[in-house]
Every structure is written in C-alpha cells, then in structure tokens.
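The file run.cif contains mmCIF, C-alpha atoms:
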```cif
data_coords
loop_
_atom_site.group_PDB
_atom_site.id
_atom_site.type_symbol
_atom_site.label_atom_id
_atom_site.label_comp_id
_atom_site.auth_asym_id
_atom_site.auth_seq_id
_atom_site.Cartn_x
_atom_site.Cartn_y
_atom_site.Cartn_z
ATOM 1 C CA MET A 1 -3.686 -22.533 209.581
ATOM 2 C CA GLN A 2 -0.784 -24.223 207.807
ATOM 3 C CA GLU A 3 -0.083 -22.870 204.344
ATOM 4 C CA SER A 4 -0.546 -25.538 201.655
ATOM 5 C CA ASP A 5 2.392 -26.938 199.694
ATOM 6 C CA GLU A 6 0.959 -25.497 196.510
ATOM 7 C CA ALA A 7 0.698 -22.010 198.034
ATOM 8 C CA LEU A 8 4.314 -22.229 199.199
ATOM 9 C CA VAL A 9 5.418 -23.338 195.732
ATOM 10 C CA SER A 10 3.586 -20.376 194.219
ATOM 11 C CA ARG A 11 5.388 -18.027 196.610
ATOM 12 C CA VAL A 12 8.765 -19.509 195.710
ATOM 13 C CA LEU A 13 8.072 -19.150 192.004
ATOM 14 C CA ALA A 14 6.499 -15.705 192.085
ATOM 15 C CA LEU A 15 8.565 -14.010 194.775
ATOM 16 C CA ASP A 16 11.674 -16.172 194.862
ATOM 17 C CA ASP A 17 10.818 -16.688 198.524
ATOM 18 C CA ARG A 18 13.592 -18.806 200.040
ATOM 19 C CA ASP A 19 11.827 -19.048 203.385
ATOM 20 C CA ALA A 20 8.858 -20.645 201.646
ATOM 21 C CA PHE A 21 11.158 -23.226 200.073
ATOM 22 C CA ALA A 22 12.861 -23.867 203.430
ATOM 23 C CA THR A 23 9.384 -24.525 204.876
ATOM 24 C CA LEU A 24 8.751 -27.097 202.124
ATOM 25 C CA VAL A 25 12.081 -28.794 202.869
ATOM 26 C CA LYS A 26 11.315 -28.823 206.576
ATOM 27 C CA ARG A 27 7.851 -30.244 205.972
ATOM 28 C CA HIS A 28 8.882 -33.083 203.633
ATOM 29 C CA GLN A 29 12.462 -33.957 204.455
ATOM 30 C CA GLN A 30 11.754 -36.655 207.041
ATOM 31 C CA ARG A 31 9.419 -38.513 204.727
ATOM 32 C CA ILE A 32 11.766 -38.210 201.749
ATOM 33 C CA TYR A 33 14.674 -39.273 203.947
ATOM 34 C CA TYR A 34 12.760 -42.347 205.047
ATOM 35 C CA LEU A 35 11.928 -43.242 201.467
ATOM 36 C CA LEU A 36 15.572 -42.949 200.415
ATOM 37 C CA ARG A 37 16.787 -44.660 203.563
ATOM 38 C CA ARG A 38 14.660 -47.656 202.626
ATOM 39 C CA PHE A 39 15.620 -47.536 198.951
ATOM 40 C CA ALA A 40 19.337 -47.144 199.582
ATOM 41 C CA ARG A 41 19.661 -49.040 202.886
ATOM 42 C CA ASP A 42 22.413 -46.656 203.938
ATOM 43 C CA PRO A 43 21.844 -43.676 206.278
ATOM 44 C CA ALA A 44 24.687 -41.522 204.924
ATOM 45 C CA LEU A 45 23.732 -42.180 201.319
ATOM 46 C CA ALA A 46 20.092 -41.440 202.129
ATOM 47 C CA GLU A 47 21.117 -38.043 203.581
ATOM 48 C CA ASP A 48 23.065 -37.230 200.395
ATOM 49 C CA LEU A 49 20.295 -38.340 198.074
ATOM 50 C CA CYS A 50 17.762 -36.437 200.161
ATOM 51 C CA GLN A 51 19.788 -33.231 199.796
ATOM 52 C CA ASN A 52 20.101 -33.827 196.052
ATOM 53 C CA THR A 53 16.364 -34.385 195.810
ATOM 54 C CA PHE A 54 15.561 -30.996 197.346
ATOM 55 C CA LEU A 55 18.202 -29.272 195.260
ATOM 56 C CA ARG A 56 16.623 -30.817 192.165
ATOM 57 C CA ALA A 57 13.222 -29.699 193.448
ATOM 58 C CA TRP A 58 14.497 -26.111 193.632
ATOM 59 C CA GLU A 59 15.879 -26.295 190.108
ATOM 60 C CA ARG A 60 12.740 -27.819 188.627
ATOM 61 C CA LEU A 61 10.072 -26.206 190.747
ATOM 62 C CA ALA A 62 8.649 -24.403 187.729
ATOM 63 C CA SER A 63 7.894 -27.815 186.198
ATOM 64 C CA PHE A 64 5.600 -28.689 189.114
ATOM 65 C CA SER A 65 2.246 -28.163 187.430
ATOM 66 C CA GLY A 66 0.198 -28.116 190.618
ATOM 67 C CA SER A 67 -2.230 -30.644 189.154
ATOM 68 C CA GLY A 68 -0.972 -33.393 191.459
ATOM 69 C CA ARG A 69 0.263 -33.439 195.031
ATOM 70 C CA PHE A 70 3.616 -31.867 195.794
ATOM 71 C CA ALA A 71 4.532 -34.909 197.921
ATOM 72 C CA ALA A 72 4.064 -37.175 194.890
ATOM 73 C CA TRP A 73 6.171 -34.889 192.726
ATOM 74 C CA LEU A 74 8.915 -34.926 195.355
ATOM 75 C CA GLY A 75 8.644 -38.702 195.590
ATOM 76 C CA LYS A 76 9.311 -38.953 191.872
ATOM 77 C CA LEU A 77 12.390 -36.733 192.197
ATOM 78 C CA ALA A 78 13.654 -38.854 195.095
ATOM 79 C CA TYR A 79 13.083 -42.071 193.164
ATOM 80 C CA ASN A 80 14.941 -40.641 190.153
ATOM 81 C CA GLU A 81 17.835 -39.595 192.373
ATOM 82 C CA PHE A 82 18.015 -43.116 193.686
ATOM 83 C CA LEU A 83 17.895 -44.632 190.189
ATOM 84 C CA GLN A 84 20.605 -42.262 189.021
ATOM 85 C CA HIS A 85 22.736 -43.348 191.960
ATOM 86 C CA LEU A 86 22.146 -47.001 191.033
ATOM 87 C CA ARG A 87 23.130 -46.359 187.420
ATOM 88 C CA GLN A 88 26.339 -44.694 188.523
ATOM 89 C CA ARG A 89 27.039 -47.562 190.856
ATOM 90 C CA ARG A 90 26.416 -50.178 188.197
ATOM 91 C CA ARG A 91 28.984 -48.491 185.989
ATOM 92 C CA SER A 92 31.514 -48.960 188.773
ATOM 93 C CA PRO A 93 33.014 -52.422 189.386
ATOM 94 C CA GLU A 94 31.302 -52.664 192.803
ATOM 95 C CA ALA A 95 28.246 -54.843 193.186
ATOM 96 C CA ASP A 96 24.721 -53.471 193.168
ATOM 97 C CA PRO A 97 23.590 -53.278 196.808
ATOM 98 C CA LEU A 98 20.022 -54.103 195.875
ATOM 99 C CA SER A 99 20.639 -57.254 193.912
ATOM 100 C CA LEU A 100 18.513 -60.189 194.885
ATOM 101 C CA ASP A 101 21.383 -62.142 196.335
ATOM 102 C CA ASP A 102 22.400 -59.229 198.520
ATOM 103 C CA PRO A 103 23.448 -60.740 201.851
ATOM 104 C CA SER A 104 22.335 -57.571 203.662
ATOM 105 C CA VAL A 105 18.718 -58.448 202.929
ATOM 106 C CA PRO A 106 17.460 -60.122 206.095
ATOM 107 C CA PRO A 107 16.161 -63.665 205.972
ATOM 108 C CA ALA A 108 12.483 -64.243 205.518
ATOM 109 C CA LEU A 109 10.264 -65.723 208.181
ATOM 110 C CA ALA A 110 9.726 -69.408 207.919
ATOM 111 C CA PRO A 111 6.454 -70.167 206.110
ATOM 112 C CA GLY A 112 3.650 -70.379 208.586
ATOM 113 C CA GLU A 113 5.301 -68.182 211.177
ATOM 114 C CA SER A 114 2.959 -65.549 212.518
ATOM 115 C CA GLY A 115 2.901 -62.524 210.237
ATOM 116 C CA ALA A 116 1.839 -60.282 213.090
ATOM 117 C CA SER A 117 5.236 -60.625 214.757
ATOM 118 C CA ALA A 118 7.192 -59.954 211.625
ATOM 119 C CA ASP A 119 8.985 -56.678 211.293
ATOM 120 C CA LEU A 120 9.098 -54.810 208.034
ATOM 121 C CA GLU A 121 12.486 -56.112 206.968
ATOM 122 C CA ARG A 122 11.330 -59.670 207.188
ATOM 123 C CA LEU A 123 8.052 -58.963 205.440
ATOM 124 C CA LEU A 124 9.768 -57.241 202.540
ATOM 125 C CA ALA A 125 12.517 -59.823 202.267
ATOM 126 C CA VAL A 126 10.202 -62.155 200.349
ATOM 127 C CA LEU A 127 9.823 -59.530 197.610
ATOM 128 C CA ARG A 128 12.035 -58.379 194.775
ATOM 129 C CA PRO A 129 13.528 -54.890 195.211
ATOM 130 C CA ASP A 130 11.161 -53.358 192.655
ATOM 131 C CA GLU A 131 8.176 -54.852 194.501
ATOM 132 C CA GLN A 132 9.526 -53.513 197.777
ATOM 133 C CA HIS A 133 9.771 -50.065 196.199
ATOM 134 C CA LEU A 134 6.137 -50.139 195.104
ATOM 135 C CA LEU A 135 4.926 -51.059 198.581
ATOM 136 C CA LEU A 136 7.187 -48.411 200.056
ATOM 137 C CA LEU A 137 5.754 -45.726 197.790
ATOM 138 C CA SER A 138 2.260 -46.891 198.599
ATOM 139 C CA TYR A 139 2.395 -47.443 202.360
ATOM 140 C CA ALA A 140 5.266 -45.254 203.534
ATOM 141 C CA HIS A 141 4.835 -42.334 201.167
ATOM 142 C CA GLY A 142 1.060 -42.647 200.930
ATOM 143 C CA LEU A 143 0.886 -42.469 197.154
ATOM 144 C CA THR A 144 -2.097 -43.643 195.128
ATOM 145 C CA ILE A 145 -1.755 -46.164 192.302
ATOM 146 C CA ALA A 146 -1.900 -43.334 189.745
ATOM 147 C CA GLU A 147 0.801 -41.400 191.607
ATOM 148 C CA ILE A 148 3.071 -44.450 191.866
ATOM 149 C CA ALA A 149 2.567 -45.070 188.155
ATOM 150 C CA GLU A 150 3.718 -41.505 187.554
ATOM 151 C CA VAL A 151 6.750 -41.965 189.806
ATOM 152 C CA VAL A 152 7.995 -45.201 188.265
ATOM 153 C CA ASP A 153 6.794 -44.304 184.770
ATOM 154 C CA GLN A 154 4.597 -47.347 184.196
ATOM 155 C CA PRO A 155 0.880 -47.750 183.440
ATOM 156 C CA PRO A 156 -1.413 -47.689 186.507
ATOM 157 C CA GLY A 157 -2.803 -51.114 185.610
ATOM 158 C CA THR A 158 0.695 -52.625 185.724
ATOM 159 C CA ILE A 159 1.377 -51.045 189.095
ATOM 160 C CA LYS A 160 -1.915 -52.264 190.480
ATOM 161 C CA SER A 161 -1.230 -55.850 189.477
ATOM 162 C CA GLN A 162 2.389 -55.699 190.669
ATOM 163 C CA ILE A 163 1.310 -54.458 194.083
ATOM 164 C CA HIS A 164 -1.394 -57.114 194.211
ATOM 165 C CA ARG A 165 1.158 -59.823 193.367
ATOM 166 C CA ALA A 166 3.611 -58.491 195.945
ATOM 167 C CA LYS A 167 0.957 -58.578 198.645
ATOM 168 C CA GLN A 168 -0.078 -62.034 197.527
ATOM 169 C CA LYS A 169 3.505 -63.237 197.965
ATOM 170 C CA ILE A 170 3.589 -61.937 201.534
ATOM 171 C CA ARG A 171 0.174 -63.368 202.235
ATOM 172 C CA GLU A 172 1.191 -66.813 201.026
ATOM 173 C CA HIS A 173 4.634 -66.784 202.586
ATOM 174 C CA PHE A 174 3.345 -65.849 206.023
ATOM 175 C CA ALA A 175 0.047 -67.710 205.703
ATOM 176 C CA ILE A 176 -2.039 -64.605 206.257
ATOM 177 C CA GLU A 177 -5.675 -65.320 205.699
ATOM 178 C CA VAL A 178 -7.745 -63.577 203.063
ATOM 179 C CA PRO A 179 -10.725 -61.745 204.597
ATOM 180 C CA ALA A 180 -14.131 -63.054 203.624
ATOM 181 C CA MET B 1 -12.808 -56.949 199.865
ATOM 182 C CA ASN B 2 -12.787 -54.522 202.748
ATOM 183 C CA GLU B 3 -9.148 -53.472 203.029
ATOM 184 C CA GLN B 4 -9.639 -52.051 206.518
ATOM 185 C CA HIS B 5 -10.382 -55.511 207.838
ATOM 186 C CA ASP B 6 -7.693 -57.281 205.853
ATOM 187 C CA PRO B 7 -5.017 -58.563 208.285
ATOM 188 C CA LEU B 8 -2.329 -58.070 205.631
ATOM 189 C CA GLU B 9 -3.314 -54.440 205.085
ATOM 190 C CA GLN B 10 -3.268 -53.837 208.818
ATOM 191 C CA LEU B 11 0.070 -55.599 209.147
ATOM 192 C CA LEU B 12 1.700 -53.629 206.349
ATOM 193 C CA SER B 13 0.325 -50.290 207.545
ATOM 194 C CA ARG B 14 1.525 -50.935 211.076
ATOM 195 C CA ALA B 15 4.917 -52.301 209.975
ATOM 196 C CA PHE B 16 5.634 -49.297 207.747
ATOM 197 C CA ALA B 17 4.471 -46.823 210.388
ATOM 198 C CA ASP B 18 6.601 -48.495 213.083
ATOM 199 C CA ASP B 19 9.585 -48.642 210.754
ATOM 200 C CA ALA B 20 9.254 -44.964 209.790
ATOM 201 C CA ARG B 21 9.201 -44.037 213.480
ATOM 202 C CA ALA B 22 12.234 -46.243 214.157
ATOM 203 C CA VAL B 23 14.188 -44.707 211.278
ATOM 204 C CA ALA B 24 13.308 -41.190 212.437
ATOM 205 C CA GLU B 25 14.429 -42.049 215.948
ATOM 206 C CA GLU B 26 17.640 -43.653 214.679
ATOM 207 C CA ARG B 27 18.377 -40.542 212.641
ATOM 208 C CA ARG B 28 17.664 -38.260 215.597
ATOM 209 C CA GLN B 29 19.882 -40.306 217.903
ATOM 210 C CA HIS B 30 22.706 -40.362 215.396
ATOM 211 C CA ASP B 31 22.482 -36.613 214.898
ATOM 212 C CA PRO B 32 19.955 -34.576 216.897
ATOM 213 C CA ASN B 33 20.347 -31.710 214.406
ATOM 214 C CA ALA B 34 20.029 -33.859 211.276
ATOM 215 C CA SER B 35 16.803 -32.205 210.225
ATOM 216 C CA ALA B 36 18.032 -28.628 210.737
ATOM 217 C CA ARG B 37 21.350 -29.496 209.108
ATOM 218 C CA MET B 38 19.558 -30.880 206.064
ATOM 219 C CA ILE B 39 17.584 -27.665 205.581
ATOM 220 C CA ASP B 40 20.704 -25.556 206.132
ATOM 221 C CA GLN B 41 22.779 -27.540 203.635
ATOM 222 C CA VAL B 42 20.087 -27.540 200.993
ATOM 223 C CA MET B 43 19.677 -23.756 201.263
ATOM 224 C CA ARG B 44 23.449 -23.281 201.203
ATOM 225 C CA ARG B 45 23.826 -25.394 198.075
ATOM 226 C CA ILE B 46 21.055 -23.391 196.447
ATOM 227 C CA SER B 47 22.981 -20.172 197.180
ATOM 228 C CA VAL B 48 26.187 -21.612 195.723
ATOM 229 C CA GLN B 49 24.376 -22.825 192.648
ATOM 230 C CA ARG B 50 22.755 -19.410 192.223
ATOM 231 C CA ARG B 51 26.141 -17.657 192.342
ATOM 232 C CA ARG B 52 27.598 -20.100 189.824
ATOM 233 C CA ARG B 53 24.699 -19.449 187.513
ATOM 234 C CA ALA B 54 25.166 -15.700 187.929
ATOM 235 C CA LEU B 55 28.841 -16.001 187.039
ATOM 236 C CA LEU B 56 28.077 -18.082 183.985
ATOM 237 C CA LEU B 57 25.409 -15.665 182.883
ATOM 238 C CA GLY B 58 27.770 -12.769 183.548
ATOM 239 C CA GLY B 59 30.415 -14.412 181.379
ATOM 240 C CA PHE B 60 28.044 -14.746 178.465
ATOM 241 C CA GLY B 61 26.860 -11.190 179.065
ATOM 242 C CA ALA B 62 30.401 -9.859 178.966
ATOM 243 C CA LEU B 63 31.086 -11.702 175.746
ATOM 244 C CA GLY B 64 27.923 -10.315 174.203
ATOM 245 C CA ALA B 65 28.763 -6.847 175.442
ATOM 246 C CA ALA B 66 32.253 -6.969 173.990
ATOM 247 C CA LEU B 67 30.916 -7.985 170.593
ATOM 248 C CA THR B 68 28.268 -5.258 170.736
ATOM 249 C CA LEU B 69 30.893 -2.677 171.645
ATOM 250 C CA LEU B 70 33.025 -3.610 168.690
ATOM 251 C CA ALA B 71 30.059 -3.079 166.434
ATOM 252 C CA LEU B 72 29.071 0.214 168.057
ATOM 253 C CA LYS B 73 32.550 1.689 168.518
ATOM 254 C CA PRO B 74 32.178 4.547 166.016
ATOM 255 C CA ALA B 75 28.925 5.739 167.573
ATOM 256 C CA LEU B 76 30.267 5.516 171.149
ATOM 257 C CA THR B 77 33.166 7.854 170.519
ATOM 258 C CA ALA B 78 30.634 10.608 169.823
ATOM 259 C CA LEU B 79 29.437 10.552 173.466
ATOM 260 C CA GLY B 80 31.134 12.809 175.984
ATOM 261 C CA PRO B 81 33.058 12.013 179.215
ATOM 262 C CA LEU B 82 30.064 12.915 181.425
ATOM 263 C CA ALA B 83 27.970 10.148 179.942
ATOM 264 C CA ALA B 84 30.888 7.756 180.407
ATOM 265 C CA HIS B 85 31.261 8.590 184.120
ATOM 266 C CA GLY B 86 27.512 8.233 184.617
ATOM 267 C CA LEU B 87 27.402 4.836 182.983
ATOM 268 C CA ALA B 88 30.407 3.662 184.968
ATOM 269 C CA ALA B 89 28.720 4.721 188.240
ATOM 270 C CA VAL B 90 25.485 2.931 187.312
ATOM 271 C CA SER B 91 27.343 -0.239 186.382
ATOM 272 C CA ALA B 92 29.355 -0.172 189.632
ATOM 273 C CA SER B 93 26.127 0.133 191.661
ATOM 274 C CA ILE B 94 24.531 -2.778 189.823
ATOM 275 C CA PHE B 95 27.587 -4.974 190.348
ATOM 276 C CA ALA B 96 27.621 -4.106 194.057
ATOM 277 C CA ALA B 97 23.987 -5.207 194.327
ATOM 278 C CA LEU B 98 24.411 -8.451 192.355
ATOM 279 C CA PRO B 99 25.150 -10.851 195.249
ATOM 280 C CA ALA B 100 21.893 -9.839 196.926
ATOM 281 C CA LEU B 101 19.796 -10.446 193.852
ATOM 282 C CA PRO B 102 17.502 -13.498 193.816
ATOM 283 C CA VAL B 103 17.432 -15.997 190.957
ATOM 284 C CA ALA B 104 14.525 -14.534 189.007
ATOM 285 C CA PRO B 105 16.165 -11.120 188.288
ATOM 286 C CA LEU B 106 19.376 -12.829 187.221
ATOM 287 C CA MET B 107 18.529 -11.724 183.718
ATOM 288 C CA LEU B 108 19.533 -8.258 184.911
ATOM 289 C CA LEU B 109 23.075 -9.500 184.629
ATOM 290 C CA LEU B 110 23.066 -9.238 180.879
ATOM 291 C CA PRO B 111 22.205 -5.528 180.677
ATOM 292 C CA ALA B 112 24.326 -4.893 183.793
ATOM 293 C CA VAL B 113 27.406 -6.360 182.229
ATOM 294 C CA LEU B 114 26.655 -4.529 179.025
ATOM 295 C CA ILE B 115 26.374 -1.207 180.878
ATOM 296 C CA ALA B 116 29.533 -1.932 182.870
ATOM 297 C CA VAL B 117 31.667 -2.718 179.869
ATOM 298 C CA LEU B 118 30.124 0.149 177.961
ATOM 299 C CA GLY B 119 30.850 2.584 180.790
ATOM 300 C CA THR B 120 34.403 1.429 181.238
ATOM 301 C CA TRP B 121 34.977 1.644 177.533
ATOM 302 C CA LEU B 122 33.605 5.167 177.338
ATOM 303 C CA LEU B 123 35.615 6.220 180.390
ATOM 304 C CA ALA B 124 38.777 4.954 178.794
ATOM 305 C CA LEU B 125 37.914 6.743 175.560
ATOM 306 C CA SER B 126 37.222 10.046 177.287
ATOM 307 C CA GLU B 127 40.434 9.839 179.331
ATOM 308 C CA ALA B 128 42.438 9.051 176.254
ATOM 309 C CA SER B 129 41.026 12.015 174.396
ATOM 310 C CA ALA B 130 41.511 14.433 177.368
#
```
Would you put the structure from the file into structure tokens?
Amino acid sequence: MQESDEALVSRVLALDDRDAFATLVKRHQQRIYYLLRRFARDPALAEDLCQNTFLRAWERLASFSGSGRFAAWLGKLAYNEFLQHLRQRRRSPEADPLSLDDPSVPPALAPGESGASADLERLLAVLRPDEQHLLLLSYAHGLTIAEIAEVVDQPPGTIKSQIHRAKQKIREHFAIEVPA
Amino acid sequence: MNEQHDPLEQLLSRAFADDARAVAEERRQHDPNASARMIDQVMRRISVQRRRRALLLGGFGALGAALTLLALKPALTALGPLAAHGLAAVSASIFAALPALPVAPLMLLLPAVLIAVLGTWLLALSEASA
C-alpha cells in the first residue's frame, strides 16, 4: 500500500529521511508543474518555479501542520512562488505577462459557439487571470473552496462567489444551458 | 443543482483533464527525463543549501568558541598536553564526519567547533610550554 503524504512528511521531519522527501517530490511534481505551467504560461519558467516550490517545501516542512492535505499546502507554496515571481517581474521594466491585454491570451470563442468543442485556453480566455487561477486551483489541483481560500488568503465566501461568477461568465459567453 | 449533470461542470472537468494530459505529454516529449531531472535537481539544491547552512552555523560557532576561549584562557592553561591531544583528535573526527551529517544534527556544529578550537588552542599551549 502506498505510504500517505503525511506519513512521508513525518519521516522527513523525524528521521531527516531524504528518500521520503524525494518520494513526495516524485508524487506531486507533475501536478505542481502543471499548475505553474498554467499560471506562468512558460514551460522553462514553470520548471524553475516548480523546483523553487519543492525547495521551499523542504525548508518549511516543519510548518506543515498535518491538519490539511499536503497537496493543498504545496499548492499554496507554488502559488506564492508564482506571485513572488510576478512581483519581481513588475519591478522590472518588462510588461506583466498576465495582464489582461496580453496578446498571448488566445481569443475567445464567438458567443453562441458550441462550448463542447472549446479547448481550455478558449474557455479561460473570457476570464480575468485571477478568475482563471481560482478555476485552475479548483479543477486542476482538486482543491476545495476552503483550501483555495487558504491558498489565496481570502475568505471562503469570497472565493465561492468569485468561482460562481467566473463559471457564470463562461456559461453566458458560450451559451451553456443551466441544468434544471 | 446537481453538478454532475451540469454541462459546464462536465466541460470544465474534461477540459482541465485533457489539458493536464497534453501538458504532461508536451513536457515528456520536450525532455523524457524531465521528471527525474526535477527530483535530482531539487535534492541537489537541498544538499547545497544544507552545506551552506552548516558553514554559516560553523562560522558562528567558531566566533562563539573564540570568545569563550578568551574568557577561559587562565583555566585552560592548567590542563596538560594529553588532554589537548585528545580534544584535538575528537574535533578532527567530528569535522571529518560533518559532510555526512543530516540537517537535524547540524546543531552539533556548535559544540564541534568549540571542541576543535579548544583542542587546537590547548595543543598550541602544550607545545609552547614543552
């Protein structure tokens, strides 16, 4: 049976077991990479931020209380790494890659076009970056509302309504019917 | 509202799952060893960081040891050369073992550096008086 994340964390903390930490990296790196790949929109940058995330996880492992899921805790570290990168970038004269008028953001589907045929890029293109991030944390990283609230440091009620609004935007833009 | 039957929920779930698979495939095609390399680099950076921390801790330890020695100098001169050689041997062994030590026992550095400086000091004293 696969050892739980929490058990591996305990081994790292109690025995300084590097193999246990390597197992955690192996288990979560693809998901964290995907999250950062979507946040940053750059494969090389995502690799760097992913490495930094796990390094930070090693440094701060003792602060993982074990009350929540390890995946959520890692998600928060990854999100913070990304925000830190954005802050550094904003201090530089270069433009923010995630600004709303970013030409790299693909065009949205024309209203009324079938939502079923839309790929993720086109679905998310109708949302602001912060709304995209919330959906990403929810659907791609599998976090609950409470966990997302913890990650982005906002009240759960705010997150819930923001996600609802984001989904509403997609629903309206692509004319997706509301189930009865 | 039953989310399982909501077309938007189904669409988003499927789109994210497909996209995650596509990104994983893209990463694998770009570098088949990306995953293994990531683990390797993370563990390597941890080792480097650990050594840096050990050096920093050792530096503070040495400083503390030097200050302690200055304070204890009169008492140390009373000890014989045998004790000095013994302390020097112990400190050398501890220093030899330092690179293999994990992060948690890093605190050993402080007494280790103290013993090392102490031993060297005593050795020098005993040789000078011989």
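Here the PyMOL selection byres ((chain A and resi 8) around 9) captures the residues Glu3, Ser4, Asp5, Glu6, Ala7, Val9, Ser10, Arg11, Val12, Leu13, Asp17, Ala20, Phe21, Thr23 and Leu24 of chain A.
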key: Neighbour list for Phe64 (chain A) as a PyMOL selection string, cut-off 9 Å, only C-alpha atoms, skip fewer than 6 positions in-chain   = chain A and resi 9+57+70+73
Output C-alpha atoms of each residue in that selection to a file, as an mmCIF file, keeping the file's coordinate frame.
```cif
data_model
loop_
_atom_site.group_PDB
_atom_site.id
_atom_site.type_symbol
_atom_site.label_atom_id
_atom_site.label_comp_id
_atom_site.auth_asym_id
_atom_site.auth_seq_id
_atom_site.Cartn_x
_atom_site.Cartn_y
_atom_site.Cartn_z
ATOM 1 C CA VAL A 9 5.418 -23.338 195.732
ATOM 2 C CA ALA A 57 13.222 -29.699 193.448
ATOM 3 C CA PHE A 70 3.616 -31.867 195.794
ATOM 4 C CA TRP A 73 6.171 -34.889 192.726
#
```
message = What are the residues of chain A lining chain B at 6 Å or less? Count only C-alpha atoms, and put the answer as a PyMOL selection string.
response = chain A and resi 51+120+140+179
task = Apply the PyMOL selection byres ((chain A and resi 144) around 12) to the structure shown and report the selected residues as a list in words.
result = Gly68, Arg69, Ala71, Ala72, Gly75, Leu134, Leu135, Leu136, Leu137, Ser138, Tyr139, Ala140, His141, Gly142, Leu143, Ile145, Ala146, Glu147, Ile148, Ala149, Glu150, Val151, Pro156, Ile159, Lys160 and Ile163 of chain A
query = Pick the closest to Arg31 (chain A) from A:Leu61, A:Leu45, A:Met1, A:Leu74: which is it, counting only C-alpha atoms?
reply =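 For Arg31 (chain A), the nearest of the candidates is A:Leu74.
Of the residues under consideration (A:Ala40, A:Ala125, A:Leu35, A:Ala78), A:Ala78 shows the shortest atom-to-atom contact distance to Asn52 (chain A) when counting only C-alpha atoms.
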ask   = Rounded to one decimal in Å, what is the spacing between CA of Leu86 (chain A) and CA of His28 (chain A)?
value =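 Calculated distance between CA of Leu86 (chain A) and CA of His28 (chain A) is 23.0 Å.
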ask   = Distance CA of Leu124 (chain A)-CA of Ala166 (chain A), one decimal place?
value =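 Separation of CA of Leu124 (chain A) and CA of Ala166 (chain A): 9.1 Å.
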ask   = CA of Ile32 (chain A) to CA of Ser92 (chain A): how many Å, to one decimal?
value =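 Taking CA of Ile32 (chain A) and CA of Ser92 (chain A), their separation equals 26.0 Å.
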Once N, CA and C atoms are restored for region 27-48 of chain B, what would the output be as an mmCIF file, in the frame of the given file?
```cif
data_model
loop_
_atom_site.group_PDB
_atom_site.id
_atom_site.type_symbol
_atom_site.label_atom_id
_atom_site.label_comp_id
_atom_site.auth_asym_id
_atom_site.auth_seq_id
_atom_site.Cartn_x
_atom_site.Cartn_y
_atom_site.Cartn_z
ATOM 1 N N ARG B 27 17.745 -41.730 213.235
ATOM 2 C CA ARG B 27 18.377 -40.542 212.641
ATOM 3 C C ARG B 27 18.590 -39.464 213.708
ATOM 4 N N ARG B 28 17.584 -39.292 214.554
ATOM 5 C CA ARG B 28 17.664 -38.260 215.597
ATOM 6 C C ARG B 28 18.748 -38.600 216.617
ATOM 7 N N GLN B 29 18.857 -39.891 216.929
ATOM 8 C CA GLN B 29 19.882 -40.306 217.903
ATOM 9 C C GLN B 29 21.285 -40.156 217.322
ATOM 10 N N HIS B 30 21.399 -40.469 216.052
ATOM 11 C CA HIS B 30 22.706 -40.362 215.396
ATOM 12 C C HIS B 30 23.135 -38.907 215.294
ATOM 13 N N ASP B 31 22.182 -38.041 214.991
ATOM 14 C CA ASP B 31 22.482 -36.613 214.898
ATOM 15 C C ASP B 31 21.214 -35.835 215.257
ATOM 16 N N PRO B 32 21.176 -35.280 216.458
ATOM 17 C CA PRO B 32 19.955 -34.576 216.897
ATOM 18 C C PRO B 32 19.602 -33.393 215.990
ATOM 19 N N ASN B 33 20.607 -32.860 215.280
ATOM 20 C CA ASN B 33 20.347 -31.710 214.406
ATOM 21 C C ASN B 33 20.239 -32.106 212.930
ATOM 22 N N ALA B 34 20.030 -33.390 212.674
ATOM 23 C CA ALA B 34 20.029 -33.859 211.276
ATOM 24 C C ALA B 34 19.023 -33.094 210.424
ATOM 25 N N SER B 35 17.857 -32.867 210.989
ATOM 26 C CA SER B 35 16.803 -32.205 210.225
ATOM 27 C C SER B 35 17.192 -30.754 209.909
ATOM 28 N N ALA B 36 17.639 -30.036 210.932
ATOM 29 C CA ALA B 36 18.032 -28.628 210.737
ATOM 30 C C ALA B 36 19.233 -28.537 209.800
ATOM 31 N N ARG B 37 20.159 -29.496 209.956
ATOM 32 C CA ARG B 37 21.350 -29.496 209.108
ATOM 33 C C ARG B 37 20.973 -29.723 207.635
ATOM 34 N N MET B 38 20.010 -30.597 207.432
ATOM 35 C CA MET B 38 19.558 -30.880 206.064
ATOM 36 C C MET B 38 19.033 -29.598 205.405
ATOM 37 N N ILE B 39 18.168 -28.900 206.128
ATOM 38 C CA ILE B 39 17.584 -27.665 205.581
ATOM 39 C C ILE B 39 18.701 -26.657 205.290
ATOM 40 N N ASP B 40 19.604 -26.518 206.263
ATOM 41 C CA ASP B 40 20.704 -25.556 206.132
ATOM 42 C C ASP B 40 21.570 -25.879 204.906
ATOM 43 N N GLN B 41 21.898 -27.152 204.747
ATOM 44 C CA GLN B 41 22.779 -27.540 203.635
ATOM 45 C C GLN B 41 22.093 -27.385 202.285
ATOM 46 N N VAL B 42 20.820 -27.709 202.252
ATOM 47 C CA VAL B 42 20.087 -27.540 200.993
ATOM 48 C C VAL B 42 20.068 -26.070 200.604
ATOM 49 N N MET B 43 19.759 -25.186 201.565
ATOM 50 C CA MET B 43 19.677 -23.756 201.263
ATOM 51 C C MET B 43 21.061 -23.209 200.886
ATOM 52 N N ARG B 44 22.084 -23.734 201.534
ATOM 53 C CA ARG B 44 23.449 -23.281 201.203
ATOM 54 C C ARG B 44 23.821 -23.696 199.777
ATOM 55 N N ARG B 45 23.500 -24.923 199.432
ATOM 56 C CA ARG B 45 23.826 -25.394 198.075
ATOM 57 C C ARG B 45 23.048 -24.612 197.025
ATOM 58 N N ILE B 46 21.841 -24.208 197.375
ATOM 59 C CA ILE B 46 21.055 -23.391 196.447
ATOM 60 C C ILE B 46 21.758 -22.053 196.222
ATOM 61 N N SER B 47 22.277 -21.459 197.303
ATOM 62 C CA SER B 47 22.981 -20.172 197.180
ATOM 63 C C SER B 47 24.220 -20.315 196.298
ATOM 64 N N VAL B 48 24.973 -21.382 196.513
ATOM 65 C CA VAL B 48 26.187 -21.612 195.723
ATOM 66 C C VAL B 48 25.826 -21.779 194.249
#
```
